[in-house]
file upload-v2.cif (mmCIF, C-alpha atoms)
data_data
loop_
_atom_site.label_atom_id
_atom_site.label_comp_id
_atom_site.auth_asym_id
_atom_site.auth_seq_id
_atom_site.Cartn_x
_atom_site.Cartn_y
_atom_site.Cartn_z
CA MET N 102 -13.41 45.43 8.86
CA ARG N 103 -14.87 47.16 5.82
CA GLU N 104 -11.42 47.95 4.54
CA GLN N 105 -10.50 44.26 4.87
CA MET N 106 -13.52 43.27 2.80
CA LEU N 107 -12.74 45.88 0.17
CA LYS N 108 -9.14 44.76 0.06
CA SER N 109 -10.13 41.16 -0.46
CA ILE N 110 -12.28 42.18 -3.42
CA LEU N 111 -9.26 44.01 -4.84
CA SER N 112 -6.96 41.05 -4.37
CA ASP N 113 -9.50 38.78 -6.09
CA LEU N 114 -9.62 41.29 -8.91
CA ASN N 115 -5.86 41.55 -9.22
CA GLY N 116 -5.68 37.77 -9.14
CA ALA N 117 -8.40 37.34 -11.76
CA SER N 118 -6.12 38.37 -14.58
CA ALA N 119 -2.37 38.64 -14.94
CA ASP N 120 -3.00 41.79 -16.94
CA ILE N 121 -4.33 43.71 -13.96
CA GLU N 122 -1.38 45.30 -12.21
CA ALA N 123 -3.05 47.31 -9.51
CA SER N 124 -6.41 48.51 -8.28
CA ALA N 125 -7.92 50.88 -5.76
CA ILE N 126 -11.27 51.93 -4.34
CA ILE N 127 -11.67 55.63 -3.91
CA SER N 128 -14.39 57.81 -2.39
CA ALA N 129 -16.17 60.18 -4.75
CA ASP N 130 -14.24 63.10 -3.23
CA GLY N 131 -10.88 61.51 -3.89
CA LEU N 132 -9.79 59.68 -0.75
CA THR N 133 -8.47 56.14 -0.94
CA MET N 134 -10.68 53.63 0.88
CA ALA N 135 -8.64 50.56 -0.03
CA ALA N 136 -5.78 50.06 -2.45
CA LEU N 137 -3.43 47.47 -3.83
CA LEU N 138 -1.03 49.77 -5.63
CA PRO N 139 2.70 49.59 -6.33
CA GLN N 140 4.71 51.02 -3.45
CA ASP N 141 6.05 54.00 -5.33
CA VAL N 142 2.56 55.26 -6.12
CA ASP N 143 1.09 57.95 -3.87
CA GLU N 144 -2.43 56.82 -2.90
CA ASP N 145 -3.67 60.32 -2.20
CA ARG N 146 -2.75 61.64 -5.62
CA VAL N 147 -4.16 58.62 -7.43
CA GLY N 148 -7.35 59.04 -5.45
CA ALA N 149 -7.71 62.71 -6.22
CA MET N 150 -7.01 62.19 -9.92
CA ALA N 151 -9.51 59.36 -10.24
CA ALA N 152 -12.21 61.47 -8.58
CA ALA N 153 -11.43 64.45 -10.83
CA MET N 154 -11.41 62.33 -14.00
CA LEU N 155 -14.64 60.57 -13.17
CA SER N 156 -16.36 63.78 -12.23
CA LEU N 157 -15.26 65.45 -15.48
CA GLY N 158 -16.30 62.34 -17.40
CA GLU N 159 -19.72 62.52 -15.82
CA ARG N 160 -20.13 66.15 -16.78
CA THR N 161 -18.92 65.49 -20.31
CA ALA N 162 -21.24 62.54 -20.77
CA ARG N 163 -24.13 64.66 -19.58
CA GLU N 164 -23.25 67.76 -21.66
CA LEU N 165 -22.97 65.63 -24.76
CA THR N 166 -26.16 63.73 -23.90
CA ARG N 167 -24.52 60.32 -23.47
CA GLY N 168 -26.53 59.62 -20.33
CA GLU N 169 -25.16 58.41 -17.04
CA LEU N 170 -21.43 57.80 -17.05
CA GLU N 171 -20.34 54.17 -16.84
CA GLN N 172 -16.59 54.42 -17.05
CA VAL N 173 -13.58 56.52 -17.97
CA MET N 174 -10.67 54.86 -19.72
CA VAL N 175 -7.20 56.28 -20.19
CA LYS N 176 -4.68 54.62 -22.47
CA GLY N 177 -0.99 55.32 -22.23
CA GLU N 178 2.02 53.83 -23.95
CA ASN N 179 2.41 51.35 -21.13
CA GLY N 180 -1.16 50.33 -20.56
CA TYR N 181 -4.63 51.26 -19.40
CA ILE N 182 -6.30 52.96 -16.49
CA LEU N 183 -9.97 52.19 -16.10
CA MET N 184 -12.18 54.10 -13.69
CA SER N 185 -15.75 53.13 -13.01
CA HIS N 186 -18.39 53.86 -10.40
CA ALA N 187 -18.82 51.31 -7.65
CA GLY N 188 -22.08 52.56 -6.22
CA LYS N 189 -22.76 56.27 -6.08
CA ASP N 190 -20.03 57.28 -3.66
CA ALA N 191 -17.03 55.23 -4.72
CA VAL N 192 -14.78 54.81 -7.71
CA LEU N 193 -13.00 51.63 -8.72
CA THR N 194 -9.68 52.25 -10.45
CA VAL N 195 -7.96 49.43 -12.31
CA ILE N 196 -4.49 49.66 -13.80
CA ALA N 197 -3.76 47.15 -16.56
CA ARG N 198 -0.88 46.21 -18.82
CA LYS N 199 -0.84 47.27 -22.44
CA GLU N 200 -1.35 43.68 -23.63
CA ALA N 201 -4.54 43.37 -21.61
CA LYS N 202 -7.69 42.01 -23.19
CA LEU N 203 -9.98 44.93 -22.52
CA GLY N 204 -13.22 42.99 -22.69
CA LEU N 205 -12.08 40.74 -19.87
CA ILE N 206 -10.85 43.66 -17.80
CA PHE N 207 -14.20 45.42 -18.23
CA LEU N 208 -16.00 42.30 -17.11
CA ASP N 209 -13.78 41.76 -14.06
CA ALA N 210 -14.02 45.41 -13.10
CA LYS N 211 -17.79 45.38 -13.45
CA ARG N 212 -18.07 42.36 -11.19
CA ALA N 213 -15.79 43.86 -8.59
CA ALA N 214 -17.67 47.18 -8.72
CA LYS N 215 -20.90 45.33 -8.03
CA SER N 216 -19.46 43.55 -4.97
CA ILE N 217 -18.02 46.83 -3.71
CA SER N 218 -21.31 48.69 -4.02
CA GLU N 219 -22.99 45.92 -2.02
CA ILE N 220 -20.54 46.43 0.86
CA LEU N 221 -20.65 50.23 0.94
CA MET V 31 -14.70 93.47 -34.19
CA LYS V 32 -11.91 91.99 -32.14
CA LYS V 33 -12.95 89.74 -29.33
CA TYR V 34 -11.11 89.36 -26.07
CA ASP V 35 -11.05 86.10 -24.22
CA ASN V 36 -9.54 86.15 -20.76
CA LYS V 37 -9.12 83.33 -18.33
CA ILE V 38 -8.93 83.88 -14.61
CA ILE V 39 -8.63 81.39 -11.81
CA PHE V 40 -10.39 81.28 -8.45
CA THR V 41 -8.53 79.43 -5.76
CA GLY V 42 -8.37 79.21 -1.98
CA PRO V 43 -9.02 76.78 0.86
CA VAL V 44 -12.03 74.50 1.24
CA GLY V 45 -15.21 76.40 2.03
CA ALA V 46 -13.95 79.85 1.08
CA GLY V 47 -16.76 80.13 -1.49
CA LYS V 48 -15.08 79.58 -4.85
CA THR V 49 -17.97 77.59 -6.34
CA THR V 50 -20.48 80.06 -4.89
CA ALA V 51 -18.58 83.09 -6.19
CA ILE V 52 -18.41 81.71 -9.73
CA GLY V 53 -22.09 80.83 -9.55
CA ALA V 54 -22.84 84.40 -8.43
CA ILE V 55 -21.27 86.14 -11.42
CA SER V 56 -21.46 83.64 -14.26
CA ASP V 57 -23.68 84.60 -17.17
CA ILE V 58 -24.11 80.94 -18.09
CA PRO V 59 -25.25 78.15 -15.79
CA PRO V 60 -21.90 77.25 -14.20
CA ILE V 61 -20.34 73.85 -14.73
CA THR V 62 -19.56 72.30 -11.38
CA THR V 63 -17.98 69.01 -10.38
CA ASP V 64 -19.18 68.43 -6.84
CA ALA V 65 -18.78 65.18 -4.96
CA ALA V 66 -20.07 64.22 -1.54
CA ALA V 67 -17.34 65.01 0.99
CA SER V 68 -16.00 62.24 3.21
CA ASP V 69 -12.98 64.00 4.77
CA MET V 70 -12.54 66.89 7.20
CA THR V 71 -14.47 69.03 4.72
CA LEU V 72 -17.60 67.39 6.08
CA ASN V 73 -17.33 69.56 9.20
CA ARG V 74 -17.89 72.57 7.01
CA LYS V 75 -20.12 71.45 4.16
CA GLY V 76 -21.54 68.36 2.49
CA TYR V 77 -20.14 68.77 -1.00
CA THR V 78 -16.76 69.66 -2.39
CA THR V 79 -15.35 70.48 -5.82
CA VAL V 80 -13.20 67.64 -7.19
CA ALA V 81 -12.16 68.84 -10.63
CA LEU V 82 -13.20 72.35 -11.52
CA ASP V 83 -15.89 74.98 -11.64
CA TYR V 84 -16.42 76.91 -14.82
CA GLY V 85 -18.41 80.00 -15.60
CA VAL V 86 -18.36 82.89 -18.05
CA LEU V 87 -18.67 86.58 -17.33
CA ASN V 88 -19.48 88.78 -20.33
CA LEU V 89 -18.12 92.21 -19.51
CA ASP V 90 -19.29 93.71 -22.77
CA GLU V 91 -20.01 92.51 -26.29
CA ARG V 92 -16.42 91.73 -27.02
CA THR V 93 -14.90 90.93 -23.67
CA LYS V 94 -15.47 87.54 -22.22
CA VAL V 95 -13.94 86.38 -18.96
CA HIS V 96 -13.69 82.63 -18.47
CA LEU V 97 -13.84 81.81 -14.78
CA TYR V 98 -12.16 78.66 -13.53
CA GLY V 99 -12.45 77.51 -9.93
CA THR V 100 -10.05 74.98 -8.41
CA PRO V 101 -10.65 72.35 -5.74
CA GLY V 102 -9.46 73.54 -2.32
CA GLN V 103 -7.78 70.48 -0.85
CA GLU V 104 -4.06 70.06 -1.35
CA ARG V 105 -4.46 66.55 -2.74
CA PHE V 106 -5.93 68.20 -5.84
CA ASP V 107 -2.88 70.39 -6.42
CA PHE V 108 -2.37 68.83 -9.87
CA MET V 109 -5.65 70.52 -10.86
CA TRP V 110 -4.27 73.87 -9.71
CA GLU V 111 -1.48 73.51 -12.23
CA ILE V 112 -3.74 72.28 -15.02
CA LEU V 113 -6.29 75.04 -14.49
CA SER V 114 -3.84 77.92 -14.16
CA THR V 115 -2.25 77.27 -17.56
CA GLY V 116 -3.05 80.21 -19.81
CA GLY V 117 -4.62 82.26 -17.04
CA ILE V 118 -4.07 86.00 -16.85
CA GLY V 119 -4.76 86.46 -13.16
CA LEU V 120 -5.62 84.80 -9.88
CA ILE V 121 -8.37 85.47 -7.39
CA LEU V 122 -7.55 84.06 -3.98
CA LEU V 123 -10.53 83.65 -1.67
CA LEU V 124 -9.79 83.31 2.04
CA ASP V 125 -12.27 82.10 4.62
CA ASN V 126 -11.84 84.21 7.76
CA SER V 127 -13.71 81.65 9.85
CA ARG V 128 -11.06 78.98 9.31
CA PRO V 129 -8.57 78.36 12.14
CA ASN V 130 -5.61 80.07 10.48
CA PRO V 131 -6.52 82.15 7.42
CA VAL V 132 -3.12 83.87 7.35
CA LYS V 133 -1.44 80.51 6.97
CA ASP V 134 -3.96 79.64 4.24
CA MET V 135 -2.97 82.81 2.40
CA GLN V 136 0.73 82.09 2.69
CA PHE V 137 0.18 78.51 1.59
CA PHE V 138 -1.71 79.47 -1.57
CA MET V 139 0.64 82.34 -2.45
CA GLN V 140 3.47 79.82 -2.21
CA ALA V 141 1.63 77.15 -4.22
CA PHE V 142 0.91 79.62 -7.03
CA GLN V 143 4.24 81.43 -6.88
CA ASP V 144 5.32 80.41 -10.39
CA PHE V 145 2.01 81.56 -11.81
CA LEU V 146 2.24 84.84 -9.90
CA LYS V 147 5.59 85.65 -11.48
CA HIS V 148 3.74 86.69 -14.62
CA ALA V 149 0.20 87.28 -13.43
CA PRO V 150 -1.39 89.45 -10.72
CA VAL V 151 -3.48 88.33 -7.77
CA VAL V 152 -6.46 89.89 -5.99
CA ILE V 153 -7.53 88.63 -2.58
CA GLY V 154 -11.13 88.39 -1.39
CA VAL V 155 -11.77 87.67 2.28
CA THR V 156 -15.08 85.91 2.95
CA LYS V 157 -17.10 85.14 6.09
CA THR V 158 -15.88 88.27 7.88
CA ASP V 159 -19.37 88.42 9.42
CA ILE V 160 -18.52 85.24 11.32
CA LYS V 161 -15.03 86.38 12.28
CA ALA V 162 -13.86 89.95 11.68
CA ALA V 163 -10.15 89.41 12.33
CA PRO V 164 -7.71 89.37 10.63
CA SER V 165 -8.64 92.59 8.89
CA THR V 166 -7.72 93.32 5.28
CA ASP V 167 -5.03 95.65 6.67
CA ALA V 168 -3.53 92.80 8.65
CA TYR V 169 -3.30 90.65 5.52
CA ALA V 170 -1.81 93.56 3.57
CA GLU V 171 0.83 94.14 6.22
CA ILE V 172 1.96 90.52 6.11
CA LEU V 173 2.18 90.54 2.31
CA GLU V 174 3.98 93.89 2.30
CA LYS V 175 6.83 92.25 4.20
CA VAL V 176 7.47 89.96 1.25
CA GLY V 177 7.15 92.81 -1.21
CA MET V 178 3.60 92.07 -2.42
CA ARG V 179 0.82 94.64 -2.59
CA PRO V 180 -2.21 92.95 -4.08
CA PRO V 181 -5.67 94.54 -3.74
CA ILE V 182 -7.53 92.95 -0.80
CA PHE V 183 -11.29 93.17 -0.26
CA GLU V 184 -13.81 91.91 2.22
CA ILE V 185 -16.49 90.22 0.18
CA ASP V 186 -19.64 88.14 0.37
CA GLY V 187 -19.13 85.34 -2.14
CA ARG V 188 -22.89 85.13 -2.75
CA ASN V 189 -23.08 88.76 -3.81
CA ARG V 190 -22.69 89.34 -7.53
CA ASP V 191 -21.43 92.92 -7.15
CA ASP V 192 -18.83 91.95 -4.56
CA VAL V 193 -17.41 89.19 -6.72
CA LYS V 194 -17.56 91.30 -9.85
CA ASN V 195 -15.56 94.00 -8.06
CA LEU V 196 -12.84 91.45 -7.42
CA VAL V 197 -12.75 90.50 -11.07
CA MET V 198 -12.67 94.16 -12.13
CA ALA V 199 -9.85 94.91 -9.69
CA LEU V 200 -7.90 92.02 -11.18
CA LEU V 201 -8.49 93.19 -14.75
CA PHE V 202 -7.52 96.76 -13.81
CA SER V 203 -4.24 95.56 -12.37
CA ILE V 204 -3.56 93.80 -15.67
CA ASP V 205 -4.65 96.72 -17.85
CA PRO V 206 -5.13 100.02 -15.99
CA GLY V 207 -6.58 101.60 -19.14
CA LEU V 208 -9.59 99.28 -19.12
CA GLN V 209 -13.03 100.89 -19.14
CA GLY V 210 -15.25 99.56 -16.36
#

call {"tool": "encode", "arguments": {"input": "upload-v2.cif", "output": "structure tokens"}}
result
Amino acid sequence: MREQMLKSILSDLNGASADIEASAIISADGLTMAALLPQDVDEDRVGAMAAAMLSLGERTARELTRGELEQVMVKGENGYILMSHAGKDAVLTVIARKEAKLGLIFLDAKRAAKSISEIL
Amino acid sequence: MKKYDNKIIFTGPVGAGKTTAIGAISDIPPITTDAAASDMTLNRKGYTTVALDYGVLNLDERTKVHLYGTPGQERFDFMWEILSTGGIGLILLLDNSRPNPVKDMQFFMQAFQDFLKHAPVVIGVTKTDIKAAPSTDAYAEILEKVGMRPPIFEIDGRNRDDVKNLVMALLFSIDPGLQG
């Protein structure tokens, strides 16, 4: 039931912009709660990496007095990975194409994160 | 005056006490990356390391040991690789109260086998007060069969001296001439 609701948020998110290629909701300790990822991607590894990145980001933000972490962004040759908190115990990961308009992706991700935190 | 910076890695299964051990010997407030557990870990404890633990042990004015702790779950094995880069030795903590600590040992020795080709390992067995067997001799016997003779100690991960002994044993096996 909850997974269905989370999945529907993800499919809305993926549908919101052609630039969003995949997304997933991950528990703070790195387990996938719901995911719409390409088939060749291992959910467990993505989950663990997102949790590790976000946790390191949080520590870095705090050590360098940037306050509470809002998001971690990774940019590669082929596009972006955006990780943000969806409530305290979950992480929303969005994978976007390199042409993506970041402002729009941020906005969509923020909206989705809010709906997710309301469900959890 | 020449300074020595050494990096060692603490690894082992969930709940063996890696975070606790680093906290026990670090001379700085350790950096931890705990997250609330939602998997099987929950049966053992509420929080689990998701990226790394970091602490520093100052052996003397010029010798600094950087302590890195890994997450325990296999899904974080990419962190094991990242963290062991540049390390000079490995401390493997085993939790005797887990269902099959011997298998845990074999699993981690296997996972770190490339690292162990050029760096030594010291094993610390924790929670022997909860379950005494296997003994350190039993572990040694199993490792002996595959030609490995690492130092093995029973330790309490909360005890600074116990953990420091492990680190010293590791440093001695790297440089036997070291002054304690």

call {"tool": "resolve_selection", "arguments": {"input": "upload-v2.cif", "expression": "the PyMOL selection byres ((chain N) within 6 of (chain V))", "output": "list in words"}}
result
Ala129, Asp130, Arg146, Ala149, Ala153 and Ser156 of chain N

call {"tool": "write_last_selection", "arguments": {"input": "upload-v2.cif", "atoms": "C-alpha atoms", "output": "short mmCIF file (atom, residue, chain, number, x, y, z; two decimals), in the frame of the given file"}}
result
data_model
loop_
_atom_site.label_atom_id
_atom_site.label_comp_id
_atom_site.auth_asym_id
_atom_site.auth_seq_id
_atom_site.Cartn_x
_atom_site.Cartn_y
_atom_site.Cartn_z
CA ALA N 129 -16.17 60.18 -4.75
CA ASP N 130 -14.24 63.10 -3.23
CA ARG N 146 -2.75 61.64 -5.62
CA ALA N 149 -7.71 62.71 -6.22
CA ALA N 153 -11.43 64.45 -10.83
CA SER N 156 -16.36 63.78 -12.23
#

call {"tool": "resolve_selection", "arguments": {"input": "upload-v2.cif", "expression": "the PyMOL selection byres ((chain V and resi 122) around 9)", "output": "list in words"}}
result
Ile39, Phe40, Thr41, Gly42, Pro43, Lys48, Leu120, Ile121, Leu123, Leu124, Met135, Phe138, Met139, Val151, Val152, Ile153, Gly154 and Val155 of chain V

call {"tool": "write_last_selection", "arguments": {"input": "upload-v2.cif", "atoms": "C-alpha atoms", "output": "PDB file, in the frame of the given file"}}
result
ATOM      1  CA  ILE V  39      -8.630  81.390 -11.810  1.00  0.00           C
ATOM      2  CA  PHE V  40     -10.390  81.280  -8.450  1.00  0.00           C
ATOM      3  CA  THR V  41      -8.530  79.430  -5.760  1.00  0.00           C
ATOM      4  CA  GLY V  42      -8.370  79.210  -1.980  1.00  0.00           C
ATOM      5  CA  PRO V  43      -9.020  76.780   0.860  1.00  0.00           C
ATOM      6  CA  LYS V  48     -15.080  79.580  -4.850  1.00  0.00           C
ATOM      7  CA  LEU V 120      -5.620  84.800  -9.880  1.00  0.00           C
ATOM      8  CA  ILE V 121      -8.370  85.470  -7.390  1.00  0.00           C
ATOM      9  CA  LEU V 123     -10.530  83.650  -1.670  1.00  0.00           C
ATOM     10  CA  LEU V 124      -9.790  83.310   2.040  1.00  0.00           C
ATOM     11  CA  MET V 135      -2.970  82.810   2.400  1.00  0.00           C
ATOM     12  CA  PHE V 138      -1.710  79.470  -1.570  1.00  0.00           C
ATOM     13  CA  MET V 139       0.640  82.340  -2.450  1.00  0.00           C
ATOM     14  CA  VAL V 151      -3.480  88.330  -7.770  1.00  0.00           C
ATOM     15  CA  VAL V 152      -6.460  89.890  -5.990  1.00  0.00           C
ATOM     16  CA  ILE V 153      -7.530  88.630  -2.580  1.00  0.00           C
ATOM     17  CA  GLY V 154     -11.130  88.390  -1.390  1.00  0.00           C
ATOM     18  CA  VAL V 155     -11.770  87.670   2.280  1.00  0.00           C
TER      19      VAL V 155
END

call {"tool": "resolve_selection", "arguments": {"input": "upload-v2.cif", "expression": "the PyMOL selection byres ((chain V and resi 189-200) around 8)", "output": "list in words"}}
result
Ala51, Ala54, Ile55, Gly119, Leu120, Ile121, Pro150, Val151, Val152, Ile153, Gly154, Pro181, Phe183, Ile185, Asp186, Gly187, Arg188, Leu201, Phe202, Ser203, Ile204 and Gly210 of chain V

call {"tool": "residues_around", "arguments": {"input": "upload-v2.cif", "residues": "N:Met174", "least_positions_apart": "6", "cutoff": "7 Å", "atoms": "all atoms listed in the file", "output": "VMD selection string"}}
result
chain N and resid 182 to 184

call {"tool": "atom_distance", "arguments": {"input": "upload-v2.cif", "atom1": "atom CA of V:Ile52", "atom2": "atom CA of V:Gly85"}}
result
6.1 Å

call {"tool": "atom_distance", "arguments": {"input": "upload-v2.cif", "atom1": "atom CA of N:Glu159", "atom2": "atom CA of V:Pro59"}}
result
16.6 Å

call {"tool": "residues_around", "arguments": {"input": "upload-v2.cif", "residues": "stretch 197-199 of chain N", "least_positions_apart": "2", "cutoff": "7 Å", "atoms": "all atoms listed in the file", "output": "mmCIF file with C-alpha atoms, in the coordinates of the input"}}
result
data_model
loop_
_atom_site.group_PDB
_atom_site.id
_atom_site.type_symbol
_atom_site.label_atom_id
_atom_site.label_comp_id
_atom_site.auth_asym_id
_atom_site.auth_seq_id
_atom_site.Cartn_x
_atom_site.Cartn_y
_atom_site.Cartn_z
ATOM 1 C CA ASP N 120 -3.000 41.790 -16.940
ATOM 2 C CA ILE N 121 -4.330 43.710 -13.960
ATOM 3 C CA GLU N 122 -1.380 45.300 -12.210
ATOM 4 C CA ASN N 179 2.410 51.350 -21.130
ATOM 5 C CA GLY N 180 -1.160 50.330 -20.560
ATOM 6 C CA TYR N 181 -4.630 51.260 -19.400
ATOM 7 C CA ILE N 182 -6.300 52.960 -16.490
ATOM 8 C CA VAL N 195 -7.960 49.430 -12.310
ATOM 9 C CA ALA N 201 -4.540 43.370 -21.610
#

call {"tool": "atom_distance", "arguments": {"input": "upload-v2.cif", "atom1": "atom CA of V:Gly177", "atom2": "atom CA of V:Thr115"}}
result
24.4 Å

call {"tool": "residues_around", "arguments": {"input": "upload-v2.cif", "residues": "N:Lys108", "least_positions_apart": "2", "cutoff": "9 Å", "atoms": "all atoms listed in the file", "output": "number ranges by chain"}}
result
N: 103-106, 110-113, 125-126, 135-137

call {"tool": "residues_around", "arguments": {"input": "upload-v2.cif", "residues": "stretch 214-220 of chain N", "least_positions_apart": "4", "cutoff": "7 Å", "atoms": "only C-alpha atoms", "output": "ChimeraX atom specification"}}
result
/N:107,186-188,193,210

call {"tool": "closest_residue", "arguments": {"input": "upload-v2.cif", "among": "N:Lys202, N:Ser124, N:Glu144, N:Leu165", "to": "N:Ser185", "atoms": "all atoms listed in the file"}}
result
N:Ser124

call {"tool": "closest_residue", "arguments": {"input": "upload-v2.cif", "among": "V:Asp83, V:Glu174, V:Glu91, V:Asp144", "to": "V:Thr50", "atoms": "only C-alpha atoms"}}
result
V:Asp83

call {"tool": "residues_around", "arguments": {"input": "upload-v2.cif", "residues": "N:Ser118", "least_positions_apart": "6", "cutoff": "9 Å", "atoms": "all atoms listed in the file", "output": "PyMOL selection string"}}
result
chain N and resi 201+205-206+209

call {"tool": "write_last_selection", "arguments": {"input": "upload-v2.cif", "atoms": "C-alpha atoms", "output": "PDB file, in the frame of the given file"}}
result
ATOM      1  CA  ALA N 201      -4.540  43.370 -21.610  1.00  0.00           C
ATOM      2  CA  LEU N 205     -12.080  40.740 -19.870  1.00  0.00           C
ATOM      3  CA  ILE N 206     -10.850  43.660 -17.800  1.00  0.00           C
ATOM      4  CA  ASP N 209     -13.780  41.760 -14.060  1.00  0.00           C
TER       5      ASP N 209
END
